[in-house]
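Colleague: Contents of input_34.txt (compact mmCIF, C-alpha atoms and all ligand atoms):
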# COMPACT_ATOMS: atom_id res chain seq x y z
CA MET A 1 0.00 0.00 0.00
CA GLN A 2 1.37 3.40 -1.00
CA ALA A 3 2.05 5.77 1.89
CA ASP A 4 -0.33 8.30 0.33
CA TYR A 5 -3.03 5.73 -0.55
CA SER A 6 -6.42 7.37 -0.74
CA PRO A 7 -9.48 5.14 -1.40
CA ALA A 8 -11.85 6.32 -4.13
CA PRO A 9 -15.31 7.32 -2.82
CA ASP A 10 -16.94 4.51 -4.85
CA LEU A 11 -14.21 1.94 -4.08
CA LEU A 12 -16.69 -0.74 -3.00
CA LYS A 13 -19.66 0.16 -5.20
CA GLU A 14 -22.08 -2.73 -5.75
CA ARG A 15 -20.07 -5.05 -3.49
CA VAL A 16 -21.56 -7.10 -0.68
CA ILE A 17 -19.29 -7.39 2.34
CA ALA A 18 -19.83 -9.31 5.59
CA VAL A 19 -18.24 -8.04 8.81
CA THR A 20 -18.13 -9.87 12.14
CA GLY A 21 -18.00 -7.88 15.36
CA ALA A 22 -19.86 -5.16 13.45
CA GLY A 23 -21.54 -3.78 16.56
CA SER A 24 -18.50 -2.11 18.08
CA GLY A 25 -14.86 -1.10 17.75
CA PHE A 26 -12.97 -2.00 14.58
CA GLY A 27 -15.85 -4.03 13.16
CA GLN A 28 -18.26 -1.12 13.48
CA ALA A 29 -15.75 1.38 12.08
CA ALA A 30 -15.01 -0.89 9.11
CA ALA A 31 -18.70 -1.60 8.41
CA LYS A 32 -19.35 2.15 8.34
CA ALA A 33 -16.28 2.82 6.17
CA TYR A 34 -17.25 0.07 3.71
CA ALA A 35 -20.81 1.41 3.47
CA ALA A 36 -19.48 4.96 3.01
CA HIS A 37 -17.47 3.67 0.04
CA GLY A 38 -20.48 2.11 -1.64
CA ALA A 39 -20.80 -1.42 -0.22
CA THR A 40 -23.87 -3.19 1.06
CA VAL A 41 -22.72 -4.48 4.42
CA ILE A 42 -23.88 -7.62 6.24
CA LEU A 43 -23.57 -6.89 9.96
CA LEU A 44 -22.68 -9.96 12.02
CA GLY A 45 -22.27 -9.84 15.79
CA ARG A 46 -23.51 -11.00 19.14
CA THR A 47 -25.56 -8.09 20.51
CA LEU A 48 -28.55 -7.01 18.43
CA SER A 49 -28.76 -3.49 19.91
CA LYS A 50 -25.12 -2.81 18.95
CA LEU A 51 -25.70 -4.06 15.41
CA GLU A 52 -28.76 -1.79 15.19
CA GLU A 53 -26.58 1.14 16.24
CA THR A 54 -24.25 0.42 13.30
CA TYR A 55 -27.25 -0.06 11.00
CA ASP A 56 -28.71 3.32 12.03
CA ALA A 57 -25.37 5.10 11.56
CA ILE A 58 -25.00 3.66 8.04
CA GLU A 59 -28.55 4.63 7.09
CA ALA A 60 -28.15 8.13 8.56
CA ALA A 61 -24.99 8.60 6.50
CA GLY A 62 -26.88 7.67 3.31
CA GLY A 63 -25.28 4.24 2.83
CA ALA A 64 -26.99 1.26 1.20
CA GLN A 65 -29.38 -0.53 3.54
CA PRO A 66 -27.34 -3.07 5.52
CA ALA A 67 -28.47 -6.50 6.68
CA ILE A 68 -28.29 -7.66 10.30
CA PHE A 69 -27.62 -11.22 11.42
CA PRO A 70 -27.14 -11.64 15.19
CA ILE A 71 -24.87 -14.64 15.75
CA ASN A 72 -23.07 -15.97 18.79
CA LEU A 73 -19.76 -17.35 17.53
CA GLU A 74 -19.29 -19.22 20.79
CA SER A 75 -22.20 -21.55 20.14
CA LEU A 76 -23.07 -21.44 16.43
CA THR A 77 -23.55 -24.96 15.09
CA GLU A 78 -22.24 -26.24 11.77
CA GLN A 79 -25.82 -26.28 10.45
CA GLU A 80 -26.30 -22.65 11.50
CA TYR A 81 -23.13 -21.62 9.63
CA TYR A 82 -24.48 -23.28 6.50
CA ALA A 83 -27.89 -21.67 7.03
CA LEU A 84 -26.20 -18.26 7.28
CA SER A 85 -24.31 -18.67 4.01
CA GLU A 86 -27.50 -19.98 2.37
CA THR A 87 -29.36 -16.85 3.52
CA ILE A 88 -26.60 -14.62 2.12
CA TYR A 89 -26.86 -16.51 -1.16
CA LYS A 90 -30.64 -16.17 -1.27
CA GLU A 91 -30.75 -12.50 -0.19
CA PHE A 92 -27.80 -11.16 -2.18
CA ASN A 93 -26.71 -13.90 -4.60
CA ARG A 94 -23.13 -12.71 -4.12
CA LEU A 95 -20.41 -12.01 -1.56
CA ASP A 96 -17.34 -9.92 -2.39
CA GLY A 97 -15.69 -9.59 0.99
CA LEU A 98 -15.45 -11.01 4.48
CA LEU A 99 -13.85 -9.17 7.40
CA HIS A 100 -13.30 -11.12 10.61
CA CYS A 101 -13.22 -8.67 13.52
CA ALA A 102 -15.07 -10.40 16.37
CA ALA A 103 -12.79 -11.60 19.14
CA GLN A 104 -12.63 -12.15 22.86
CA LEU A 105 -9.72 -11.55 25.18
CA ALA A 106 -11.45 -13.05 28.25
CA LEU A 107 -8.39 -13.63 30.43
CA LEU A 108 -4.86 -12.39 30.92
CA SER A 109 -3.00 -15.05 32.85
CA ARG A 110 0.20 -17.02 32.88
CA ILE A 111 -0.09 -20.41 31.20
CA ASP A 112 0.30 -22.16 34.62
CA ASP A 113 -3.13 -20.90 35.68
CA TYR A 114 -5.03 -20.60 32.40
CA ASP A 115 -8.26 -22.58 32.73
CA LEU A 116 -9.41 -24.95 29.98
CA GLU A 117 -12.97 -23.64 29.75
CA THR A 118 -11.81 -20.11 28.97
CA TRP A 119 -9.14 -21.44 26.61
CA ASN A 120 -11.75 -23.37 24.61
CA LYS A 121 -14.15 -20.41 24.50
CA VAL A 122 -11.48 -17.99 23.21
CA MET A 123 -10.26 -20.49 20.63
CA GLN A 124 -13.84 -21.07 19.49
CA VAL A 125 -14.66 -17.39 18.97
CA ASN A 126 -11.26 -16.17 17.72
CA LEU A 127 -10.06 -19.08 15.58
CA THR A 128 -12.60 -21.86 14.97
CA ALA A 129 -15.43 -19.44 14.12
CA PRO A 130 -13.39 -17.50 11.50
CA PHE A 131 -12.35 -20.86 10.00
CA MET A 132 -15.93 -22.12 9.80
CA LEU A 133 -17.46 -18.86 8.58
CA THR A 134 -14.74 -18.62 5.93
CA GLN A 135 -15.38 -22.19 4.82
CA VAL A 136 -19.13 -21.73 4.31
CA CYS A 137 -18.60 -18.39 2.52
CA LEU A 138 -15.84 -19.64 0.19
CA PRO A 139 -18.14 -20.88 -2.61
CA LEU A 140 -19.74 -17.43 -2.89
CA LEU A 141 -16.42 -15.57 -2.54
CA LYS A 142 -14.83 -17.75 -5.21
CA ARG A 143 -17.63 -16.88 -7.62
CA ALA A 144 -16.85 -13.14 -7.34
CA ASP A 145 -14.63 -11.45 -9.95
CA ASP A 146 -12.57 -9.80 -7.23
CA ALA A 147 -12.99 -10.88 -3.61
CA SER A 148 -11.15 -10.35 -0.34
CA ILE A 149 -10.95 -11.98 3.08
CA ILE A 150 -9.36 -10.02 5.93
CA PHE A 151 -8.51 -11.57 9.30
CA THR A 152 -8.10 -9.05 12.12
CA SER A 153 -5.03 -10.10 14.04
CA ASP A 154 -2.81 -8.58 16.71
CA GLN A 155 0.89 -7.99 17.32
CA VAL A 156 0.69 -10.57 20.16
CA GLY A 157 -0.22 -13.10 17.44
CA ARG A 158 2.99 -12.37 15.57
CA LYS A 159 5.41 -12.35 18.49
CA GLY A 160 4.48 -14.18 21.68
CA LYS A 161 3.94 -12.03 24.77
CA ALA A 162 3.63 -13.23 28.36
CA TYR A 163 0.12 -13.55 29.83
CA TRP A 164 -1.80 -13.18 26.54
CA GLY A 165 -2.72 -16.89 26.71
CA ALA A 166 -5.43 -18.22 24.40
CA TYR A 167 -6.01 -14.80 22.80
CA GLY A 168 -2.38 -14.60 21.67
CA VAL A 169 -2.31 -18.23 20.53
CA SER A 170 -5.61 -17.79 18.65
CA LYS A 171 -4.12 -14.84 16.74
CA PHE A 172 -1.06 -16.95 15.81
CA GLY A 173 -3.63 -19.46 14.52
CA VAL A 174 -5.41 -16.76 12.53
CA GLU A 175 -2.12 -15.79 10.87
CA GLY A 176 -1.54 -19.45 9.96
CA LEU A 177 -5.07 -19.85 8.62
CA MET A 178 -4.57 -16.73 6.50
CA GLN A 179 -1.28 -18.00 5.05
CA ILE A 180 -2.61 -21.49 4.30
CA LEU A 181 -5.77 -20.21 2.62
CA ALA A 182 -3.80 -17.58 0.66
CA GLU A 183 -1.56 -20.29 -0.77
CA GLU A 184 -4.52 -22.55 -1.55
CA THR A 185 -6.23 -19.74 -3.49
CA GLU A 186 -3.16 -18.04 -4.99
CA ASN A 187 -4.21 -18.62 -8.61
CA SER A 188 -7.67 -17.15 -8.09
CA PRO A 189 -9.09 -13.60 -7.87
CA LEU A 190 -9.63 -14.16 -4.12
CA ARG A 191 -7.06 -12.57 -1.82
CA VAL A 192 -6.54 -13.37 1.84
CA ASN A 193 -4.62 -11.12 4.26
CA SER A 194 -4.41 -10.14 7.91
CA ILE A 195 -4.26 -6.78 9.66
CA ALA A 196 -2.89 -6.11 13.15
CA PRO A 197 -4.86 -2.96 13.86
CA GLY A 198 -2.76 -1.29 16.53
CA ALA A 199 -3.89 0.23 19.80
CA ALA A 200 -7.28 1.92 19.55
CA ARG A 201 -10.01 3.12 21.89
CA THR A 202 -12.28 0.05 22.10
CA ALA A 203 -13.87 -2.11 24.80
CA LEU A 204 -11.31 -4.86 24.22
CA ARG A 205 -8.38 -2.46 24.66
CA ALA A 206 -9.92 -0.88 27.78
CA TRP A 207 -10.35 -4.34 29.30
CA ALA A 208 -6.72 -5.27 28.62
CA TYR A 209 -5.28 -1.96 29.85
CA PRO A 210 -7.54 -0.74 32.70
CA GLY A 211 -4.89 1.74 33.88
CA GLU A 212 -4.73 3.50 30.52
CA ASP A 213 -6.74 6.62 29.75
CA PRO A 214 -8.82 5.61 26.69
CA GLN A 215 -8.63 9.19 25.45
CA ASP A 216 -4.89 8.62 24.88
CA ARG A 217 -5.77 6.19 22.08
CA PRO A 218 -7.26 7.06 18.67
CA LEU A 219 -10.66 5.71 17.65
CA PRO A 220 -10.61 2.69 15.28
CA GLU A 221 -11.76 5.06 12.50
CA ALA A 222 -8.16 6.37 12.39
CA PHE A 223 -6.92 2.99 11.11
CA MET A 224 -9.34 2.33 8.26
CA ARG A 225 -7.06 2.86 5.24
CA PRO A 226 -5.60 -0.70 5.14
CA PHE A 227 -9.07 -2.14 5.81
CA LEU A 228 -10.33 -0.29 2.72
CA TYR A 229 -7.25 -0.97 0.61
CA LEU A 230 -7.35 -4.72 1.24
CA MET A 231 -11.12 -4.96 0.75
CA GLY A 232 -11.22 -3.11 -2.56
CA PRO A 233 -9.83 -3.70 -6.05
CA ASP A 234 -6.69 -1.60 -5.44
CA SER A 235 -5.16 -4.59 -3.64
CA ALA A 236 -5.82 -7.07 -6.48
CA GLY A 237 -3.05 -9.67 -6.44
CA VAL A 238 -1.99 -8.89 -2.86
CA THR A 239 -2.42 -12.07 -0.85
CA GLY A 240 -0.87 -13.90 2.08
CA GLN A 241 0.39 -10.64 3.61
CA ALA A 242 0.37 -9.54 7.26
CA PHE A 243 -0.39 -5.80 7.46
CA ASP A 244 0.31 -3.50 10.38
CA ALA A 245 -2.38 -0.82 10.66
CA GLN A 246 -0.36 1.11 13.24
CA ALA A 247 2.19 1.80 10.52
CA GLU A 248 -0.61 2.62 8.07
CA LYS A 249 -2.48 5.00 10.41
CA LEU A 250 -3.78 8.19 8.79
N1 LIG B 1 -8.52 -2.28 20.13
C1 LIG B 1 -7.26 -2.58 19.93
O1 LIG B 1 -6.37 -1.83 20.35
C2 LIG B 1 -6.88 -3.85 19.19
C3 LIG B 1 -5.53 -4.16 19.06
C4 LIG B 1 -5.16 -5.29 18.38
C5 LIG B 1 -6.13 -6.12 17.81
N2 LIG B 1 -7.45 -5.81 17.95
C6 LIG B 1 -8.42 -6.70 17.31
O2 LIG B 1 -9.47 -5.94 16.74
C7 LIG B 1 -10.63 -6.76 16.64
C8 LIG B 1 -11.83 -5.97 17.15
O3 LIG B 1 -11.66 -5.71 18.53
P1 LIG B 1 -11.99 -4.29 19.14
O4 LIG B 1 -10.77 -3.75 19.72
O5 LIG B 1 -12.74 -3.50 18.15
O6 LIG B 1 -12.89 -4.69 20.40
P2 LIG B 1 -14.46 -4.74 20.65
O7 LIG B 1 -15.09 -3.43 20.38
O8 LIG B 1 -14.62 -5.33 22.00
O9 LIG B 1 -14.96 -5.75 19.52
C9 LIG B 1 -15.02 -7.13 19.70
C10 LIG B 1 -16.27 -7.58 18.97
O10 LIG B 1 -16.35 -9.00 18.98
C11 LIG B 1 -17.70 -9.35 19.21
N3 LIG B 1 -17.81 -10.66 19.83
C12 LIG B 1 -17.20 -11.09 20.96
N4 LIG B 1 -17.60 -12.33 21.26
C13 LIG B 1 -18.49 -12.69 20.30
C14 LIG B 1 -19.26 -13.84 20.06
N5 LIG B 1 -19.23 -14.89 20.90
N6 LIG B 1 -20.06 -13.89 18.98
C15 LIG B 1 -20.13 -12.83 18.14
N7 LIG B 1 -19.43 -11.70 18.31
C16 LIG B 1 -18.63 -11.64 19.39
C17 LIG B 1 -18.22 -8.29 20.17
O11 LIG B 1 -19.61 -8.25 20.17
P3 LIG B 1 -20.40 -7.82 21.51
O12 LIG B 1 -19.91 -6.45 21.86
O13 LIG B 1 -21.81 -7.85 21.11
O14 LIG B 1 -20.02 -8.83 22.54
C18 LIG B 1 -17.55 -7.04 19.60
O15 LIG B 1 -18.36 -6.43 18.61
C19 LIG B 1 -10.35 -8.02 17.44
O16 LIG B 1 -10.08 -9.09 16.53
C20 LIG B 1 -9.10 -7.68 18.24
O17 LIG B 1 -8.33 -8.82 18.49
C21 LIG B 1 -7.84 -4.69 18.62
Would it be possible to restate this file's structure as structure tokens?

Modeller:
Amino acid sequence: MQADYSPAPDLLKERVIAVTGAGSGFGQAAAKAYAAHGATVILLGRTLSKLEETYDAIEAAGGAQPAIFPINLESLTEQEYYALSETIYKEFNRLDGLLHCAAQLALLSRIDDYDLETWNKVMQVNLTAPFMLTQVCLPLLKRADDASIIFTSDQVGRKGKAYWGAYGVSKFGVEGLMQILAEETENSPLRVNSIAPGAARTALRAWAYPGEDPQDRPLPEAFMRPFLYLMGPDSAGVTGQAFDAQAEKL
């Protein structure tokens, strides 16, 4: 991505893009940014009221009417994943992009004390769910002329850091999933990349750093350029790459 990259206003015109974690933080900022650049956005997340907030903001800004699908990635069954992709197929008959943003941190602890139940829950939401959602969406994404999958990662998933437990390991897994899928699809118009978004003012960050003044951190909106670049046609041919949104901040 060029240092002065500036997305065209109609970058994502006529595209249908699904975003998980679309009710808050990076997912909400990306859903709004995608809609502002012409996409119809499918809002996926756990809390209906938060998804409705994103929906209202997109409508108020004049974006295309989004769709809302409340899903709990901790408990979604295989059948429900297939039902979701079937609904996307029936409602839109296409899917051009998939952004995985939903994640849980749940626990900061040394490995000695990390409990199995929390480990399994974090792995389910942060790694198994992106795998499964990607798998059921692949047929539609592969049909598109130009499609993109973005996994939201973290620096602690690129270099291990004490106490980040299942969250850190799940992000290492996400990076691996991204690389494997990128290689498996390298001769297709589908690209697959990850973004480590950098420190931003979100609920997840506030939970991890309770002593930090949230006002010292920018809002996720400040990091949207790589999310737009990788989702739109300007990144055609870019695949298997790990991006650092901190470095790409506006
Ligand atoms: N903020 C940062 O500084 C930072 C730094 C590095 C990486 N990240 C990454 O950025 C991504 C977004 O995080 P964020 O910072 O924007 O935090 P956030 O606002 O807390 O967003 C996390 C989202 O995940 C959703 N979610 C959690 N559990 C879910 C479940 N079981 N089913 C469905 N959705 C679920 C949440 O929905 P509910 O609110 O409805 O529970 C929420 O919308 C994450 O992948 C995170 O690892 C953030």

Colleague: Grab all the atoms of range 47-59 of chain A that the file lists, wrap them in a box along x, y and z, add 3 Å per side, and give me centre plus edge lengths in Å (one decimal) as lines of an AutoDock Vina configuration file.

Modeller:
center_x = -26.5
center_y = -1.5
center_z = 13.8
size_x = 10.5
size_y = 19.2
size_z = 19.4

Colleague: Please extract the residues at most 7 Å from ligand LIG 1 (chain B), counting all atoms listed in the file, and provide them as a PyMOL selection string, using the chain letters and residue numbers of this document.

Modeller: chain A and resi 20-27+45-47+50+71-74+101-104+125+152-155+196-205

Colleague: Could you build a table of the residues in range 69-119 of chain A lying no more than 10 Å from range 157-176 of chain A, giving for each the nearest pair of atoms and their separation in Å rounded to one decimal place, using all atoms listed in the file, ordered by chain and ascending residue number, as JSON lines?

Modeller:
{"residue": "A:His100", "atom": "CA", "partner": "A:Val174", "partner_atom": "CA", "distance": 9.9}
{"residue": "A:Ala103", "atom": "CA", "partner": "A:Tyr167", "partner_atom": "CA", "distance": 8.3}
{"residue": "A:Gln104", "atom": "CA", "partner": "A:Tyr167", "partner_atom": "CA", "distance": 7.1}
{"residue": "A:Leu105", "atom": "CA", "partner": "A:Tyr167", "partner_atom": "CA", "distance": 5.5}
{"residue": "A:Ala106", "atom": "CA", "partner": "A:Tyr167", "partner_atom": "CA", "distance": 7.9}
{"residue": "A:Leu107", "atom": "CA", "partner": "A:Gly165", "partner_atom": "CA", "distance": 7.5}
{"residue": "A:Leu108", "atom": "CA", "partner": "A:Tyr163", "partner_atom": "CA", "distance": 5.2}
{"residue": "A:Ser109", "atom": "CA", "partner": "A:Tyr163", "partner_atom": "CA", "distance": 4.6}
{"residue": "A:Arg110", "atom": "CA", "partner": "A:Tyr163", "partner_atom": "CA", "distance": 4.6}
{"residue": "A:Ile111", "atom": "CA", "partner": "A:Gly165", "partner_atom": "CA", "distance": 6.3}
{"residue": "A:Asp112", "atom": "CA", "partner": "A:Tyr163", "partner_atom": "CA", "distance": 9.9}
{"residue": "A:Asp113", "atom": "CA", "partner": "A:Gly165", "partner_atom": "CA", "distance": 9.8}
{"residue": "A:Tyr114", "atom": "CA", "partner": "A:Gly165", "partner_atom": "CA", "distance": 7.2}
{"residue": "A:Asp115", "atom": "CA", "partner": "A:Ala166", "partner_atom": "CA", "distance": 9.8}
{"residue": "A:Leu116", "atom": "CA", "partner": "A:Ala166", "partner_atom": "CA", "distance": 9.6}
{"residue": "A:Thr118", "atom": "CA", "partner": "A:Ala166", "partner_atom": "CA", "distance": 8.1}
{"residue": "A:Trp119", "atom": "CA", "partner": "A:Ala166", "partner_atom": "CA", "distance": 5.4}

Colleague: Select, from A:Leu177, A:Ala182, A:Ala57, A:Ile149, the residue with the minimum atom-to-atom distance to Leu230 in chain A, counting only C-alpha atoms.

Modeller: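 Under the stated criterion, the closest residue is A:Ile149.
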
Colleague: Excluding Ile68 in chain A and any residue of its chain fewer than 6 positions from it, enumerate the residues within 9 Å of it, using all atoms listed in the file, and give them as a ChimeraX atom specification.

Modeller: /A:41-45,48,51-52,55

Colleague: N, CA and C atoms are needed for range 137-164 of chain A; please write them out as a PDB file, in the coordinates of the input.

Modeller:
ATOM      1  N   CYS A 137     -18.479 -19.539   3.446  1.00  0.00           N
ATOM      2  CA  CYS A 137     -18.600 -18.390   2.520  1.00  0.00           C
ATOM      3  C   CYS A 137     -17.720 -18.565   1.275  1.00  0.00           C
ATOM      4  N   LEU A 138     -16.796 -19.507   1.310  1.00  0.00           N
ATOM      5  CA  LEU A 138     -15.840 -19.640   0.190  1.00  0.00           C
ATOM      6  C   LEU A 138     -16.509 -19.861  -1.178  1.00  0.00           C
ATOM      7  N   PRO A 139     -17.541 -20.709  -1.276  1.00  0.00           N
ATOM      8  CA  PRO A 139     -18.140 -20.880  -2.610  1.00  0.00           C
ATOM      9  C   PRO A 139     -18.628 -19.567  -3.210  1.00  0.00           C
ATOM     10  N   LEU A 140     -19.265 -18.716  -2.380  1.00  0.00           N
ATOM     11  CA  LEU A 140     -19.740 -17.430  -2.890  1.00  0.00           C
ATOM     12  C   LEU A 140     -18.568 -16.494  -3.199  1.00  0.00           C
ATOM     13  N   LEU A 141     -17.579 -16.453  -2.330  1.00  0.00           N
ATOM     14  CA  LEU A 141     -16.420 -15.570  -2.540  1.00  0.00           C
ATOM     15  C   LEU A 141     -15.651 -15.976  -3.790  1.00  0.00           C
ATOM     16  N   LYS A 142     -15.569 -17.270  -4.036  1.00  0.00           N
ATOM     17  CA  LYS A 142     -14.830 -17.750  -5.210  1.00  0.00           C
ATOM     18  C   LYS A 142     -15.562 -17.465  -6.520  1.00  0.00           C
ATOM     19  N   ARG A 143     -16.852 -17.235  -6.424  1.00  0.00           N
ATOM     20  CA  ARG A 143     -17.630 -16.880  -7.620  1.00  0.00           C
ATOM     21  C   ARG A 143     -17.429 -15.424  -8.027  1.00  0.00           C
ATOM     22  N   ALA A 144     -16.988 -14.582  -7.072  1.00  0.00           N
ATOM     23  CA  ALA A 144     -16.850 -13.140  -7.340  1.00  0.00           C
ATOM     24  C   ALA A 144     -15.644 -12.876  -8.241  1.00  0.00           C
ATOM     25  N   ASP A 145     -15.739 -11.800  -9.047  1.00  0.00           N
ATOM     26  CA  ASP A 145     -14.630 -11.450  -9.950  1.00  0.00           C
ATOM     27  C   ASP A 145     -13.408 -10.993  -9.166  1.00  0.00           C
ATOM     28  N   ASP A 146     -13.662 -10.406  -7.999  1.00  0.00           N
ATOM     29  CA  ASP A 146     -12.570  -9.800  -7.230  1.00  0.00           C
ATOM     30  C   ASP A 146     -13.010  -9.812  -5.763  1.00  0.00           C
ATOM     31  N   ALA A 147     -12.506 -10.753  -4.985  1.00  0.00           N
ATOM     32  CA  ALA A 147     -12.990 -10.880  -3.610  1.00  0.00           C
ATOM     33  C   ALA A 147     -11.842 -10.848  -2.612  1.00  0.00           C
ATOM     34  N   SER A 148     -12.194 -10.522  -1.361  1.00  0.00           N
ATOM     35  CA  SER A 148     -11.150 -10.350  -0.340  1.00  0.00           C
ATOM     36  C   SER A 148     -11.618 -10.888   1.015  1.00  0.00           C
ATOM     37  N   ILE A 149     -10.720 -11.580   1.690  1.00  0.00           N
ATOM     38  CA  ILE A 149     -10.950 -11.980   3.080  1.00  0.00           C
ATOM     39  C   ILE A 149      -9.878 -11.302   3.927  1.00  0.00           C
ATOM     40  N   ILE A 150     -10.317 -10.648   5.001  1.00  0.00           N
ATOM     41  CA  ILE A 150      -9.360 -10.020   5.930  1.00  0.00           C
ATOM     42  C   ILE A 150      -9.573 -10.630   7.318  1.00  0.00           C
ATOM     43  N   PHE A 151      -8.488 -11.102   7.917  1.00  0.00           N
ATOM     44  CA  PHE A 151      -8.510 -11.570   9.300  1.00  0.00           C
ATOM     45  C   PHE A 151      -7.918 -10.460  10.172  1.00  0.00           C
ATOM     46  N   THR A 152      -8.650 -10.044  11.195  1.00  0.00           N
ATOM     47  CA  THR A 152      -8.100  -9.050  12.120  1.00  0.00           C
ATOM     48  C   THR A 152      -7.236  -9.794  13.141  1.00  0.00           C
ATOM     49  N   SER A 153      -5.990  -9.404  13.193  1.00  0.00           N
ATOM     50  CA  SER A 153      -5.030 -10.100  14.040  1.00  0.00           C
ATOM     51  C   SER A 153      -4.556  -9.179  15.171  1.00  0.00           C
ATOM     52  N   ASP A 154      -3.346  -9.383  15.606  1.00  0.00           N
ATOM     53  CA  ASP A 154      -2.810  -8.580  16.710  1.00  0.00           C
ATOM     54  C   ASP A 154      -1.298  -8.806  16.746  1.00  0.00           C
ATOM     55  N   GLN A 155      -0.568  -7.813  17.208  1.00  0.00           N
ATOM     56  CA  GLN A 155       0.890  -7.990  17.320  1.00  0.00           C
ATOM     57  C   GLN A 155       1.244  -9.173  18.221  1.00  0.00           C
ATOM     58  N   VAL A 156       0.389  -9.448  19.253  1.00  0.00           N
ATOM     59  CA  VAL A 156       0.690 -10.570  20.160  1.00  0.00           C
ATOM     60  C   VAL A 156       0.428 -11.925  19.480  1.00  0.00           C
ATOM     61  N   GLY A 157      -0.076 -11.890  18.254  1.00  0.00           N
ATOM     62  CA  GLY A 157      -0.220 -13.100  17.440  1.00  0.00           C
ATOM     63  C   GLY A 157       0.885 -13.208  16.407  1.00  0.00           C
ATOM     64  N   ARG A 158       1.845 -12.306  16.484  1.00  0.00           N
ATOM     65  CA  ARG A 158       2.990 -12.370  15.570  1.00  0.00           C
ATOM     66  C   ARG A 158       4.285 -12.556  16.329  1.00  0.00           C
ATOM     67  N   LYS A 159       4.294 -12.078  17.580  1.00  0.00           N
ATOM     68  CA  LYS A 159       5.410 -12.350  18.490  1.00  0.00           C
ATOM     69  C   LYS A 159       4.803 -12.626  19.864  1.00  0.00           C
ATOM     70  N   GLY A 160       5.092 -13.787  20.408  1.00  0.00           N
ATOM     71  CA  GLY A 160       4.480 -14.180  21.680  1.00  0.00           C
ATOM     72  C   GLY A 160       4.794 -13.206  22.800  1.00  0.00           C
ATOM     73  N   LYS A 161       3.773 -12.955  23.645  1.00  0.00           N
ATOM     74  CA  LYS A 161       3.940 -12.030  24.770  1.00  0.00           C
ATOM     75  C   LYS A 161       3.342 -12.663  26.013  1.00  0.00           C
ATOM     76  N   ALA A 162       4.077 -12.594  27.114  1.00  0.00           N
ATOM     77  CA  ALA A 162       3.630 -13.230  28.360  1.00  0.00           C
ATOM     78  C   ALA A 162       2.224 -12.794  28.729  1.00  0.00           C
ATOM     79  N   TYR A 163       1.456 -13.730  29.232  1.00  0.00           N
ATOM     80  CA  TYR A 163       0.120 -13.550  29.830  1.00  0.00           C
ATOM     81  C   TYR A 163      -1.023 -13.403  28.823  1.00  0.00           C
ATOM     82  N   TRP A 164      -0.729 -13.381  27.522  1.00  0.00           N
ATOM     83  CA  TRP A 164      -1.800 -13.180  26.540  1.00  0.00           C
ATOM     84  C   TRP A 164      -2.497 -14.492  26.180  1.00  0.00           C
TER      85      TRP A 164
END
